[in-house]
Amino acid sequence: MSTMTMPMKPQPEAAARAQQPASPVLEIRGLSAGYASAPVIRDVRMDIGRGLVTAIIGPSGCGKSTLIRCLNRMHEIIPGAFCEGDVRLEGHDVFRMDPVHLRRQVGMVFQRPNPFPTMSVYENVASGLRLNGVRDRKLTAERVEKSLRQAALWDEVKDRLDKPGVGLSGGQQQRLCIARALAVEPRVLLLDEPCSALDPIATARIEEALLELKGSLTMVIVTHNMQQAARVSDRTAFLLMGDLVEYDETQKIFTSPADKRTEDYITGRFG
Amino acid sequence: MKRHFDEDLDGLAARLLHMGRLTEEMIQLAVRVVTERDALLVAEVKRREHEVNELHIEIDDRALKLIALHQPAAGDLRMIAAAIKINSDLERVGDQAVNIAETGEYLCKEPKMKLFDVPRMVEVAASMLKDSLEAFARKDTALAKDVIRRDDEEDRLKSQTFNELIHLMQSDASTIQRAMDVILISRNLERVADHATNIAEDVIFMVLGKDIRHRHVEA
């Protein structure tokens, strides 16, 4: 695994024409990543706008998860993985940051809910705070409640905070994981297909929570569900075989995409 | 990859074009009531209006079903959105034809009246309607732009007809009722041209994703 800053290469016209959001939280330049000698994503350039929901869509294997896992350096944990290029969080090179410090600022929620199995609902949310040295019980309790409210879970669990987190339903567990990620007050929340294991009602609750968080938190969501991308995101990026084909306002992507490959994908003609 | 959904979209377009052909026939028949003073044709216009009204409901129903069941995006979504709007324009073209036919029916009972530029207005409006539907069927934006440009000529002809009829009424009061009716017919024809313009604008949006309403067409 190696990290380095690469010179910026010319971008495909369709990707480069994406409007650059003012004051991006994350700036991605010339990002390539993959395994051993096989690249999964190539030369990706995009800015992640502050307080916006950015959706990453594309067919299986196009590099969506690899892309977001580079943003908090989860990708490089995998043996044989490589990641090259430049990713800046608020102007700071993420590859020069302490990974633990980076992941506190760029949290992640995964496809399958993964609450800590031995911990209560309360402890699950408080765990990140404890790891970050928060010892004050009152502050912890306040932060736990705030995070559970932000994740739209408080009303359902306030009377069973001491019960095991894994005793909740799948959708509640996923919102618990969102609350756990929110408790350390990240700048960015990455969500890797957070609803793919959930039923439509649980999915709707997660989406409502994301819409409530919009504005105060920057989110990047990988999704196979194009209606979900259309419903929750402000901007959408379409990846195809490792290339960023198009990145624009979500409404533009879903009504008048500039690239025929984007049109074919979102209208179900391939993928 | 050919999708089942494409067959549904083709079906929607085919019904819309069928409705378009009916409205074209309605205009031609309604105008003949005026020019040939044949009041019997009014019934033919009304028979087609009934079918157009049925299609108005059917096409909206088909379009809403496609949106609800398929959640279309991009070009598919624009096509369905255009179909809903064109459907509404065609239904109103049918209404204009009925108005012309009914006014013509009254004029048949009166002494013959000079129509000034009305025959030319018929030619322009009918060709605009025909070409706007042709542009929809062929996804032809050049033809759609041409339709939009022709609307200015129809507006000019209507103003000229108005002026001439006002002059006639001032000089011969016995023509007032009939002249007012010819003014109404020219107004109906101008509205047909406006609906054709709307259809052409919808075709441009459908094909290019570009909303040109309330703007001048690029040269």
# chains A, B, ... in the order shown; residues from 1 in each chain; ligands from 1

call {"tool": "select_by_dssp", "arguments": {"residues": "chain B", "states": "alpha helix (DSSP H)", "output": "PDB file with C-alpha atoms, in the first residue's frame"}}
result
ATOM      1  CA  HIS B   4     -40.738  -4.200 -21.867  1.00  0.00           C
ATOM      2  CA  PHE B   5     -41.020  -0.630 -20.665  1.00  0.00           C
ATOM      3  CA  ASP B   6     -40.047   0.553 -24.182  1.00  0.00           C
ATOM      4  CA  GLU B   7     -43.152  -1.156 -25.557  1.00  0.00           C
ATOM      5  CA  ASP B   8     -45.266   0.756 -23.035  1.00  0.00           C
ATOM      6  CA  LEU B   9     -43.599   4.038 -24.040  1.00  0.00           C
ATOM      7  CA  ASP B  10     -44.154   3.235 -27.732  1.00  0.00           C
ATOM      8  CA  GLY B  11     -47.799   2.499 -26.938  1.00  0.00           C
ATOM      9  CA  LEU B  12     -48.169   5.856 -25.206  1.00  0.00           C
ATOM     10  CA  ALA B  13     -46.631   7.680 -28.190  1.00  0.00           C
ATOM     11  CA  ALA B  14     -48.858   5.783 -30.634  1.00  0.00           C
ATOM     12  CA  ARG B  15     -52.044   6.753 -28.779  1.00  0.00           C
ATOM     13  CA  LEU B  16     -50.911  10.377 -28.633  1.00  0.00           C
ATOM     14  CA  LEU B  17     -50.235  10.423 -32.374  1.00  0.00           C
ATOM     15  CA  HIS B  18     -53.643   8.874 -33.011  1.00  0.00           C
ATOM     16  CA  MET B  19     -55.188  11.657 -30.920  1.00  0.00           C
ATOM     17  CA  GLY B  20     -53.128  14.171 -32.909  1.00  0.00           C
ATOM     18  CA  ARG B  21     -54.450  12.843 -36.220  1.00  0.00           C
ATOM     19  CA  LEU B  22     -58.023  13.133 -34.924  1.00  0.00           C
ATOM     20  CA  THR B  23     -57.489  16.768 -33.920  1.00  0.00           C
ATOM     21  CA  GLU B  24     -55.970  17.519 -37.340  1.00  0.00           C
ATOM     22  CA  GLU B  25     -59.095  16.056 -38.969  1.00  0.00           C
ATOM     23  CA  MET B  26     -61.309  18.070 -36.607  1.00  0.00           C
ATOM     24  CA  ILE B  27     -59.607  21.321 -37.653  1.00  0.00           C
ATOM     25  CA  GLN B  28     -59.929  20.484 -41.368  1.00  0.00           C
ATOM     26  CA  LEU B  29     -63.627  19.567 -40.977  1.00  0.00           C
ATOM     27  CA  ALA B  30     -64.397  22.627 -38.838  1.00  0.00           C
ATOM     28  CA  VAL B  31     -62.771  24.941 -41.385  1.00  0.00           C
ATOM     29  CA  ARG B  32     -64.842  23.338 -44.173  1.00  0.00           C
ATOM     30  CA  VAL B  33     -67.995  24.237 -42.221  1.00  0.00           C
ATOM     31  CA  VAL B  34     -66.881  27.876 -42.615  1.00  0.00           C
ATOM     32  CA  THR B  35     -65.402  27.865 -46.120  1.00  0.00           C
ATOM     33  CA  LEU B  41     -69.905  18.540 -41.015  1.00  0.00           C
ATOM     34  CA  VAL B  42     -70.426  19.870 -37.461  1.00  0.00           C
ATOM     35  CA  ALA B  43     -71.637  16.435 -36.387  1.00  0.00           C
ATOM     36  CA  GLU B  44     -68.433  14.874 -37.777  1.00  0.00           C
ATOM     37  CA  VAL B  45     -66.351  17.298 -35.687  1.00  0.00           C
ATOM     38  CA  LYS B  46     -68.330  16.478 -32.541  1.00  0.00           C
ATOM     39  CA  ARG B  47     -68.072  12.745 -33.127  1.00  0.00           C
ATOM     40  CA  ARG B  48     -64.272  13.058 -33.194  1.00  0.00           C
ATOM     41  CA  GLU B  49     -64.315  15.330 -30.155  1.00  0.00           C
ATOM     42  CA  HIS B  50     -65.924  12.545 -28.176  1.00  0.00           C
ATOM     43  CA  GLU B  51     -63.077  10.205 -29.149  1.00  0.00           C
ATOM     44  CA  VAL B  52     -60.456  12.874 -28.380  1.00  0.00           C
ATOM     45  CA  ASN B  53     -61.938  13.361 -24.904  1.00  0.00           C
ATOM     46  CA  GLU B  54     -61.772   9.613 -24.278  1.00  0.00           C
ATOM     47  CA  LEU B  55     -58.140   9.602 -25.389  1.00  0.00           C
ATOM     48  CA  HIS B  56     -57.390  12.589 -23.144  1.00  0.00           C
ATOM     49  CA  ILE B  57     -58.321  10.484 -20.120  1.00  0.00           C
ATOM     50  CA  GLU B  58     -56.749   7.276 -21.415  1.00  0.00           C
ATOM     51  CA  ILE B  59     -53.364   8.888 -22.181  1.00  0.00           C
ATOM     52  CA  ASP B  60     -53.126  10.570 -18.769  1.00  0.00           C
ATOM     53  CA  ASP B  61     -54.008   7.251 -17.178  1.00  0.00           C
ATOM     54  CA  ARG B  62     -51.329   5.403 -19.164  1.00  0.00           C
ATOM     55  CA  ALA B  63     -48.715   8.061 -18.327  1.00  0.00           C
ATOM     56  CA  LEU B  64     -49.505   8.069 -14.595  1.00  0.00           C
ATOM     57  CA  LYS B  65     -49.365   4.288 -14.523  1.00  0.00           C
ATOM     58  CA  LEU B  66     -45.910   4.316 -16.147  1.00  0.00           C
ATOM     59  CA  ILE B  67     -44.644   6.848 -13.600  1.00  0.00           C
ATOM     60  CA  ALA B  68     -46.100   4.950 -10.647  1.00  0.00           C
ATOM     61  CA  LEU B  69     -44.944   1.509 -11.726  1.00  0.00           C
ATOM     62  CA  HIS B  70     -41.578   2.225 -13.328  1.00  0.00           C
ATOM     63  CA  ALA B  74     -33.909  10.930 -17.718  1.00  0.00           C
ATOM     64  CA  GLY B  75     -35.143  10.548 -21.338  1.00  0.00           C
ATOM     65  CA  ASP B  76     -37.960   8.194 -20.323  1.00  0.00           C
ATOM     66  CA  LEU B  77     -39.208  10.678 -17.717  1.00  0.00           C
ATOM     67  CA  ARG B  78     -39.001  13.583 -20.166  1.00  0.00           C
ATOM     68  CA  MET B  79     -40.946  11.603 -22.765  1.00  0.00           C
ATOM     69  CA  ILE B  80     -43.762  10.857 -20.325  1.00  0.00           C
ATOM     70  CA  ALA B  81     -43.819  14.440 -19.020  1.00  0.00           C
ATOM     71  CA  ALA B  82     -44.000  15.683 -22.635  1.00  0.00           C
ATOM     72  CA  ALA B  83     -46.789  13.210 -23.415  1.00  0.00           C
ATOM     73  CA  ILE B  84     -48.899  14.498 -20.501  1.00  0.00           C
ATOM     74  CA  LYS B  85     -48.499  18.097 -21.663  1.00  0.00           C
ATOM     75  CA  ILE B  86     -49.024  17.355 -25.358  1.00  0.00           C
ATOM     76  CA  ASN B  87     -52.147  15.403 -24.383  1.00  0.00           C
ATOM     77  CA  SER B  88     -53.533  18.519 -22.730  1.00  0.00           C
ATOM     78  CA  ASP B  89     -52.654  20.713 -25.736  1.00  0.00           C
ATOM     79  CA  LEU B  90     -54.311  18.310 -28.182  1.00  0.00           C
ATOM     80  CA  GLU B  91     -57.496  18.184 -26.147  1.00  0.00           C
ATOM     81  CA  ARG B  92     -57.665  21.974 -26.331  1.00  0.00           C
ATOM     82  CA  VAL B  93     -56.988  21.910 -30.085  1.00  0.00           C
ATOM     83  CA  GLY B  94     -60.088  19.700 -30.265  1.00  0.00           C
ATOM     84  CA  ASP B  95     -62.042  22.309 -28.294  1.00  0.00           C
ATOM     85  CA  GLN B  96     -60.899  25.040 -30.695  1.00  0.00           C
ATOM     86  CA  ALA B  97     -62.105  22.923 -33.636  1.00  0.00           C
ATOM     87  CA  VAL B  98     -65.526  22.570 -32.005  1.00  0.00           C
ATOM     88  CA  ASN B  99     -65.662  26.342 -31.451  1.00  0.00           C
ATOM     89  CA  ILE B 100     -64.805  26.994 -35.121  1.00  0.00           C
ATOM     90  CA  ALA B 101     -67.428  24.466 -36.252  1.00  0.00           C
ATOM     91  CA  GLU B 102     -70.155  25.962 -34.042  1.00  0.00           C
ATOM     92  CA  THR B 103     -69.349  29.513 -35.130  1.00  0.00           C
ATOM     93  CA  GLY B 104     -69.301  28.289 -38.740  1.00  0.00           C
ATOM     94  CA  GLU B 105     -72.687  26.662 -38.272  1.00  0.00           C
ATOM     95  CA  TYR B 106     -74.120  30.064 -37.317  1.00  0.00           C
ATOM     96  CA  LEU B 107     -72.371  31.752 -40.262  1.00  0.00           C
ATOM     97  CA  CYS B 108     -73.930  29.206 -42.656  1.00  0.00           C
ATOM     98  CA  VAL B 118     -58.509  33.294 -42.452  1.00  0.00           C
ATOM     99  CA  PRO B 119     -57.752  30.713 -45.203  1.00  0.00           C
ATOM    100  CA  ARG B 120     -54.034  31.515 -44.910  1.00  0.00           C
ATOM    101  CA  MET B 121     -54.312  31.264 -41.093  1.00  0.00           C
ATOM    102  CA  VAL B 122     -55.829  27.795 -41.545  1.00  0.00           C
ATOM    103  CA  GLU B 123     -52.893  26.726 -43.721  1.00  0.00           C
ATOM    104  CA  VAL B 124     -50.309  27.989 -41.206  1.00  0.00           C
ATOM    105  CA  ALA B 125     -52.040  26.586 -38.082  1.00  0.00           C
ATOM    106  CA  ALA B 126     -52.786  23.203 -39.673  1.00  0.00           C
ATOM    107  CA  SER B 127     -49.234  22.798 -40.957  1.00  0.00           C
ATOM    108  CA  MET B 128     -47.821  23.819 -37.564  1.00  0.00           C
ATOM    109  CA  LEU B 129     -50.001  21.220 -35.838  1.00  0.00           C
ATOM    110  CA  LYS B 130     -49.068  18.517 -38.358  1.00  0.00           C
ATOM    111  CA  ASP B 131     -45.353  19.290 -38.143  1.00  0.00           C
ATOM    112  CA  SER B 132     -45.325  19.517 -34.328  1.00  0.00           C
ATOM    113  CA  LEU B 133     -46.739  15.977 -34.203  1.00  0.00           C
ATOM    114  CA  GLU B 134     -44.285  14.855 -36.873  1.00  0.00           C
ATOM    115  CA  ALA B 135     -41.457  16.361 -34.788  1.00  0.00           C
ATOM    116  CA  PHE B 136     -42.738  14.396 -31.764  1.00  0.00           C
ATOM    117  CA  ALA B 137     -42.916  11.141 -33.732  1.00  0.00           C
ATOM    118  CA  ARG B 138     -39.420  11.567 -35.232  1.00  0.00           C
ATOM    119  CA  THR B 141     -35.810  19.187 -32.922  1.00  0.00           C
ATOM    120  CA  ALA B 142     -35.025  21.082 -36.143  1.00  0.00           C
ATOM    121  CA  LEU B 143     -38.626  20.659 -37.295  1.00  0.00           C
ATOM    122  CA  ALA B 144     -39.858  21.610 -33.803  1.00  0.00           C
ATOM    123  CA  LYS B 145     -37.852  24.846 -33.931  1.00  0.00           C
ATOM    124  CA  ASP B 146     -39.267  25.573 -37.372  1.00  0.00           C
ATOM    125  CA  VAL B 147     -42.811  25.192 -35.986  1.00  0.00           C
ATOM    126  CA  ILE B 148     -42.052  27.661 -33.190  1.00  0.00           C
ATOM    127  CA  ARG B 149     -40.722  30.225 -35.687  1.00  0.00           C
ATOM    128  CA  ARG B 150     -43.903  29.998 -37.784  1.00  0.00           C
ATOM    129  CA  ASP B 151     -46.044  31.114 -34.827  1.00  0.00           C
ATOM    130  CA  ASP B 152     -45.014  34.722 -35.516  1.00  0.00           C
ATOM    131  CA  GLU B 153     -46.608  34.547 -38.962  1.00  0.00           C
ATOM    132  CA  GLU B 154     -49.880  33.291 -37.487  1.00  0.00           C
ATOM    133  CA  ASP B 155     -49.876  36.137 -34.954  1.00  0.00           C
ATOM    134  CA  ARG B 156     -49.219  38.646 -37.732  1.00  0.00           C
ATOM    135  CA  LEU B 157     -52.069  37.242 -39.851  1.00  0.00           C
ATOM    136  CA  LYS B 158     -54.448  37.378 -36.902  1.00  0.00           C
ATOM    137  CA  SER B 159     -53.637  41.058 -36.222  1.00  0.00           C
ATOM    138  CA  GLN B 160     -54.083  41.870 -39.911  1.00  0.00           C
ATOM    139  CA  THR B 161     -57.439  40.046 -39.980  1.00  0.00           C
ATOM    140  CA  PHE B 162     -58.566  41.874 -36.840  1.00  0.00           C
ATOM    141  CA  ASN B 163     -57.687  45.244 -38.334  1.00  0.00           C
ATOM    142  CA  GLU B 164     -59.437  44.541 -41.622  1.00  0.00           C
ATOM    143  CA  LEU B 165     -62.593  43.274 -39.896  1.00  0.00           C
ATOM    144  CA  ILE B 166     -62.701  46.276 -37.565  1.00  0.00           C
ATOM    145  CA  HIS B 167     -62.435  48.531 -40.612  1.00  0.00           C
ATOM    146  CA  LEU B 168     -65.292  46.590 -42.273  1.00  0.00           C
ATOM    147  CA  MET B 169     -67.523  46.896 -39.182  1.00  0.00           C
ATOM    148  CA  GLN B 170     -66.865  50.646 -39.028  1.00  0.00           C
ATOM    149  CA  SER B 171     -67.850  51.070 -42.663  1.00  0.00           C
ATOM    150  CA  ILE B 176     -70.881  43.449 -37.173  1.00  0.00           C
ATOM    151  CA  GLN B 177     -72.284  40.112 -36.017  1.00  0.00           C
ATOM    152  CA  ARG B 178     -70.655  38.126 -38.842  1.00  0.00           C
ATOM    153  CA  ALA B 179     -67.367  40.040 -38.574  1.00  0.00           C
ATOM    154  CA  MET B 180     -67.279  39.298 -34.839  1.00  0.00           C
ATOM    155  CA  ASP B 181     -67.694  35.615 -35.669  1.00  0.00           C
ATOM    156  CA  VAL B 182     -64.817  35.697 -38.156  1.00  0.00           C
ATOM    157  CA  ILE B 183     -62.696  37.413 -35.480  1.00  0.00           C
ATOM    158  CA  LEU B 184     -63.570  34.564 -33.100  1.00  0.00           C
ATOM    159  CA  ILE B 185     -62.544  32.003 -35.737  1.00  0.00           C
ATOM    160  CA  SER B 186     -59.218  33.756 -36.342  1.00  0.00           C
ATOM    161  CA  ARG B 187     -58.689  33.777 -32.598  1.00  0.00           C
ATOM    162  CA  ASN B 188     -59.431  30.018 -32.475  1.00  0.00           C
ATOM    163  CA  LEU B 189     -56.899  29.401 -35.253  1.00  0.00           C
ATOM    164  CA  GLU B 190     -54.290  31.490 -33.495  1.00  0.00           C
ATOM    165  CA  ARG B 191     -54.837  29.357 -30.370  1.00  0.00           C
ATOM    166  CA  VAL B 192     -54.350  26.184 -32.430  1.00  0.00           C
ATOM    167  CA  ALA B 193     -50.987  27.581 -33.572  1.00  0.00           C
ATOM    168  CA  ASP B 194     -50.133  28.361 -29.926  1.00  0.00           C
ATOM    169  CA  HIS B 195     -50.880  24.764 -28.923  1.00  0.00           C
ATOM    170  CA  ALA B 196     -48.708  23.523 -31.802  1.00  0.00           C
ATOM    171  CA  THR B 197     -45.952  25.801 -30.503  1.00  0.00           C
ATOM    172  CA  ASN B 198     -46.333  24.301 -27.019  1.00  0.00           C
ATOM    173  CA  ILE B 199     -46.083  20.812 -28.491  1.00  0.00           C
ATOM    174  CA  ALA B 200     -42.921  21.781 -30.383  1.00  0.00           C
ATOM    175  CA  GLU B 201     -41.410  23.193 -27.180  1.00  0.00           C
ATOM    176  CA  ASP B 202     -42.246  19.940 -25.388  1.00  0.00           C
ATOM    177  CA  VAL B 203     -40.531  17.980 -28.167  1.00  0.00           C
ATOM    178  CA  ILE B 204     -37.355  20.026 -27.679  1.00  0.00           C
ATOM    179  CA  PHE B 205     -37.496  19.388 -23.923  1.00  0.00           C
ATOM    180  CA  MET B 206     -38.177  15.705 -24.500  1.00  0.00           C
ATOM    181  CA  VAL B 207     -35.225  15.249 -26.854  1.00  0.00           C
ATOM    182  CA  LEU B 208     -32.638  17.671 -25.496  1.00  0.00           C
TER     183      LEU B 208
END

call {"tool": "interface_residues", "arguments": {"of": "chain A", "to": "chain B", "cutoff": "8 Å", "atoms": "only C-alpha atoms", "output": "PDB file with N, CA and C atoms, in the first residue's frame"}}
result
ATOM      1  N   GLN A 227     -33.669   5.165  -6.954  1.00  0.00           N
ATOM      2  CA  GLN A 227     -34.720   6.031  -6.393  1.00  0.00           C
ATOM      3  C   GLN A 227     -34.249   6.626  -5.069  1.00  0.00           C
ATOM      4  N   ILE A 253     -28.934  14.894 -13.168  1.00  0.00           N
ATOM      5  CA  ILE A 253     -28.579  13.509 -13.517  1.00  0.00           C
ATOM      6  C   ILE A 253     -29.834  12.698 -13.829  1.00  0.00           C
ATOM      7  N   PHE A 254     -30.909  12.926 -13.057  1.00  0.00           N
ATOM      8  CA  PHE A 254     -32.091  12.073 -13.223  1.00  0.00           C
ATOM      9  C   PHE A 254     -33.111  12.616 -14.237  1.00  0.00           C
ATOM     10  N   THR A 255     -32.896  13.841 -14.703  1.00  0.00           N
ATOM     11  CA  THR A 255     -33.801  14.330 -15.756  1.00  0.00           C
ATOM     12  C   THR A 255     -33.081  14.484 -17.094  1.00  0.00           C
ATOM     13  N   SER A 256     -31.873  15.037 -17.080  1.00  0.00           N
ATOM     14  CA  SER A 256     -31.153  15.254 -18.342  1.00  0.00           C
ATOM     15  C   SER A 256     -29.669  14.956 -18.175  1.00  0.00           C
ATOM     16  N   PRO A 257     -29.311  13.697 -18.005  1.00  0.00           N
ATOM     17  CA  PRO A 257     -27.874  13.408 -17.862  1.00  0.00           C
ATOM     18  C   PRO A 257     -27.138  13.785 -19.142  1.00  0.00           C
ATOM     19  N   GLU A 263     -27.381   7.871 -18.824  1.00  0.00           N
ATOM     20  CA  GLU A 263     -28.785   7.699 -19.211  1.00  0.00           C
ATOM     21  C   GLU A 263     -29.138   6.215 -19.294  1.00  0.00           C
ATOM     22  N   ILE A 266     -29.256   4.718 -15.625  1.00  0.00           N
ATOM     23  CA  ILE A 266     -30.371   5.092 -14.741  1.00  0.00           C
ATOM     24  C   ILE A 266     -31.736   4.741 -15.325  1.00  0.00           C
ATOM     25  N   THR A 267     -31.787   4.485 -16.629  1.00  0.00           N
ATOM     26  CA  THR A 267     -33.058   4.043 -17.211  1.00  0.00           C
ATOM     27  C   THR A 267     -33.115   2.520 -17.330  1.00  0.00           C
ATOM     28  N   ARG A 269     -31.148   0.374 -18.927  1.00  0.00           N
ATOM     29  CA  ARG A 269     -30.823  -0.271 -20.203  1.00  0.00           C
ATOM     30  C   ARG A 269     -29.591  -1.156 -20.078  1.00  0.00           C
ATOM     31  N   PHE A 270     -28.796  -0.926 -19.047  1.00  0.00           N
ATOM     32  CA  PHE A 270     -27.738  -1.881 -18.726  1.00  0.00           C
ATOM     33  C   PHE A 270     -27.427  -1.761 -17.247  1.00  0.00           C
TER      34      PHE A 270
END

call {"tool": "residues_around", "arguments": {"residues": "segment 145-150 of chain A", "least_positions_apart": "5", "cutoff": "12 Å", "atoms": "only C-alpha atoms", "output": "PyMOL selection string"}}
result
chain A and resi 121-126+128-129+138-140+155-159+161+172-186+205-214+216-217

call {"tool": "write_last_selection", "arguments": {"atoms": "N, CA and C atoms", "output": "tab-separated table (two decimals), in the first residue's frame"}}
result
chain	number	residue	atom	x	y	z
A	121	VAL	N	-27.70	-0.68	24.15
A	121	VAL	CA	-27.98	0.41	23.21
A	121	VAL	C	-27.15	1.63	23.60
A	122	TYR	N	-27.21	1.99	24.88
A	122	TYR	CA	-26.51	3.18	25.38
A	122	TYR	C	-25.00	3.05	25.16
A	123	GLU	N	-24.46	1.89	25.55
A	123	GLU	CA	-23.02	1.69	25.45
A	123	GLU	C	-22.53	1.72	24.01
A	124	ASN	N	-23.36	1.20	23.11
A	124	ASN	CA	-22.99	1.24	21.71
A	124	ASN	C	-22.72	2.67	21.25
A	125	VAL	N	-23.61	3.57	21.64
A	125	VAL	CA	-23.46	4.96	21.19
A	125	VAL	C	-22.34	5.65	21.97
A	126	ALA	N	-22.21	5.30	23.25
A	126	ALA	CA	-21.21	5.97	24.10
A	126	ALA	C	-19.79	5.46	23.82
A	128	GLY	N	-17.81	5.22	21.23
A	128	GLY	CA	-16.90	6.08	20.47
A	128	GLY	C	-16.42	7.24	21.32
A	129	LEU	N	-17.32	7.77	22.13
A	129	LEU	CA	-16.95	8.89	23.01
A	129	LEU	C	-15.90	8.43	24.01
A	138	LYS	N	-22.34	13.13	32.43
A	138	LYS	CA	-23.46	13.98	31.99
A	138	LYS	C	-23.31	14.33	30.51
A	139	LEU	N	-22.07	14.69	30.13
A	139	LEU	CA	-21.81	15.02	28.73
A	139	LEU	C	-22.08	13.81	27.85
A	140	THR	N	-21.64	12.63	28.32
A	140	THR	CA	-21.86	11.40	27.55
A	140	THR	C	-23.36	11.16	27.36
A	155	ASP	N	-37.00	7.90	20.34
A	155	ASP	CA	-38.34	7.57	20.86
A	155	ASP	C	-38.57	6.07	20.95
A	156	GLU	N	-37.90	5.31	20.10
A	156	GLU	CA	-38.10	3.86	20.11
A	156	GLU	C	-37.25	3.14	21.13
A	157	VAL	N	-36.17	3.77	21.60
A	157	VAL	CA	-35.25	3.04	22.51
A	157	VAL	C	-35.06	3.71	23.87
A	158	LYS	N	-35.70	4.86	24.09
A	158	LYS	CA	-35.41	5.62	25.32
A	158	LYS	C	-35.74	4.84	26.58
A	159	ASP	N	-36.66	3.88	26.47
A	159	ASP	CA	-37.03	3.08	27.65
A	159	ASP	C	-36.27	1.76	27.73
A	161	LEU	N	-32.62	1.61	27.02
A	161	LEU	CA	-31.23	1.97	26.70
A	161	LEU	C	-30.24	0.94	27.24
A	172	GLN	N	-33.59	-0.69	13.20
A	172	GLN	CA	-33.19	0.04	14.41
A	172	GLN	C	-31.69	-0.11	14.64
A	173	GLN	N	-31.17	-1.30	14.39
A	173	GLN	CA	-29.73	-1.51	14.56
A	173	GLN	C	-28.94	-0.60	13.63
A	174	GLN	N	-29.44	-0.44	12.38
A	174	GLN	CA	-28.71	0.42	11.46
A	174	GLN	C	-28.76	1.88	11.94
A	175	ARG	N	-29.92	2.30	12.46
A	175	ARG	CA	-29.98	3.67	13.00
A	175	ARG	C	-29.11	3.82	14.25
A	176	LEU	N	-28.98	2.70	14.99
A	176	LEU	CA	-28.07	2.72	16.16
A	176	LEU	C	-26.64	2.94	15.66
A	177	CYS	N	-26.29	2.29	14.56
A	177	CYS	CA	-24.94	2.46	14.01
A	177	CYS	C	-24.72	3.90	13.52
A	178	ILE	N	-25.79	4.49	12.96
A	178	ILE	CA	-25.69	5.89	12.55
A	178	ILE	C	-25.49	6.77	13.78
A	179	ALA	N	-26.28	6.49	14.84
A	179	ALA	CA	-26.14	7.26	16.09
A	179	ALA	C	-24.73	7.11	16.66
A	180	ARG	N	-24.20	5.90	16.60
A	180	ARG	CA	-22.84	5.66	17.11
A	180	ARG	C	-21.83	6.49	16.32
A	181	ALA	N	-22.01	6.53	15.00
A	181	ALA	CA	-21.09	7.33	14.17
A	181	ALA	C	-21.26	8.82	14.44
A	182	LEU	N	-22.50	9.26	14.72
A	182	LEU	CA	-22.76	10.69	14.94
A	182	LEU	C	-22.24	11.17	16.29
A	183	ALA	N	-22.15	10.24	17.26
A	183	ALA	CA	-21.81	10.64	18.64
A	183	ALA	C	-20.48	11.36	18.73
A	184	VAL	N	-19.52	11.00	17.87
A	184	VAL	CA	-18.20	11.66	17.93
A	184	VAL	C	-18.16	12.91	17.05
A	185	GLU	N	-19.33	13.32	16.58
A	185	GLU	CA	-19.49	14.56	15.80
A	185	GLU	C	-18.53	14.65	14.62
A	186	PRO	N	-18.70	13.73	13.66
A	186	PRO	CA	-17.81	13.75	12.49
A	186	PRO	C	-18.14	14.93	11.57
A	205	ARG	N	-37.23	5.19	7.13
A	205	ARG	CA	-36.82	5.85	8.39
A	205	ARG	C	-35.38	6.33	8.29
A	206	ILE	N	-34.51	5.50	7.71
A	206	ILE	CA	-33.10	5.91	7.55
A	206	ILE	C	-33.04	7.14	6.63
A	207	GLU	N	-33.79	7.09	5.54
A	207	GLU	CA	-33.75	8.22	4.61
A	207	GLU	C	-34.24	9.51	5.27
A	208	GLU	N	-35.30	9.39	6.08
A	208	GLU	CA	-35.79	10.57	6.80
A	208	GLU	C	-34.71	11.12	7.72
A	209	ALA	N	-34.00	10.20	8.39
A	209	ALA	CA	-32.93	10.64	9.30
A	209	ALA	C	-31.84	11.38	8.51
A	210	LEU	N	-31.49	10.86	7.33
A	210	LEU	CA	-30.46	11.51	6.51
A	210	LEU	C	-30.92	12.89	6.06
A	211	LEU	N	-32.20	12.98	5.69
A	211	LEU	CA	-32.72	14.28	5.23
A	211	LEU	C	-32.72	15.30	6.38
A	212	GLU	N	-32.99	14.81	7.61
A	212	GLU	CA	-32.94	15.71	8.78
A	212	GLU	C	-31.51	16.20	9.03
A	213	LEU	N	-30.54	15.32	8.78
A	213	LEU	CA	-29.13	15.67	9.05
A	213	LEU	C	-28.54	16.57	7.97
A	214	LYS	N	-29.19	16.55	6.81
A	214	LYS	CA	-28.68	17.35	5.69
A	214	LYS	C	-28.55	18.82	6.10
A	216	SER	N	-26.48	20.11	8.20
A	216	SER	CA	-25.54	20.18	9.33
A	216	SER	C	-24.42	19.16	9.20
A	217	LEU	N	-24.60	18.17	8.37
A	217	LEU	CA	-23.59	17.13	8.21
A	217	LEU	C	-23.39	16.84	6.73

call {"tool": "atom_distance", "arguments": {"atom1": "atom CA of Leu102 of chain A", "atom2": "atom CA of Gly85 of chain A"}}
result
16.8 Å

call {"tool": "atom_distance", "arguments": {"atom1": "atom CA of Gly80 of chain A", "atom2": "atom CA of Thr66 of chain A"}}
result
13.3 Å

call {"tool": "residues_around", "arguments": {"residues": "Ile77 of chain A", "least_positions_apart": "2", "cutoff": "12 Å", "atoms": "only C-alpha atoms", "output": "ChimeraX atom specification"}}
result
/A:1-2,34-35,66,69-70,72-75,79-83,99

call {"tool": "residues_around", "arguments": {"residues": "Val188 of chain A", "least_positions_apart": "4", "cutoff": "6 Å", "atoms": "only C-alpha atoms", "output": "PyMOL selection string"}}
result
chain A and resi 106+218-219
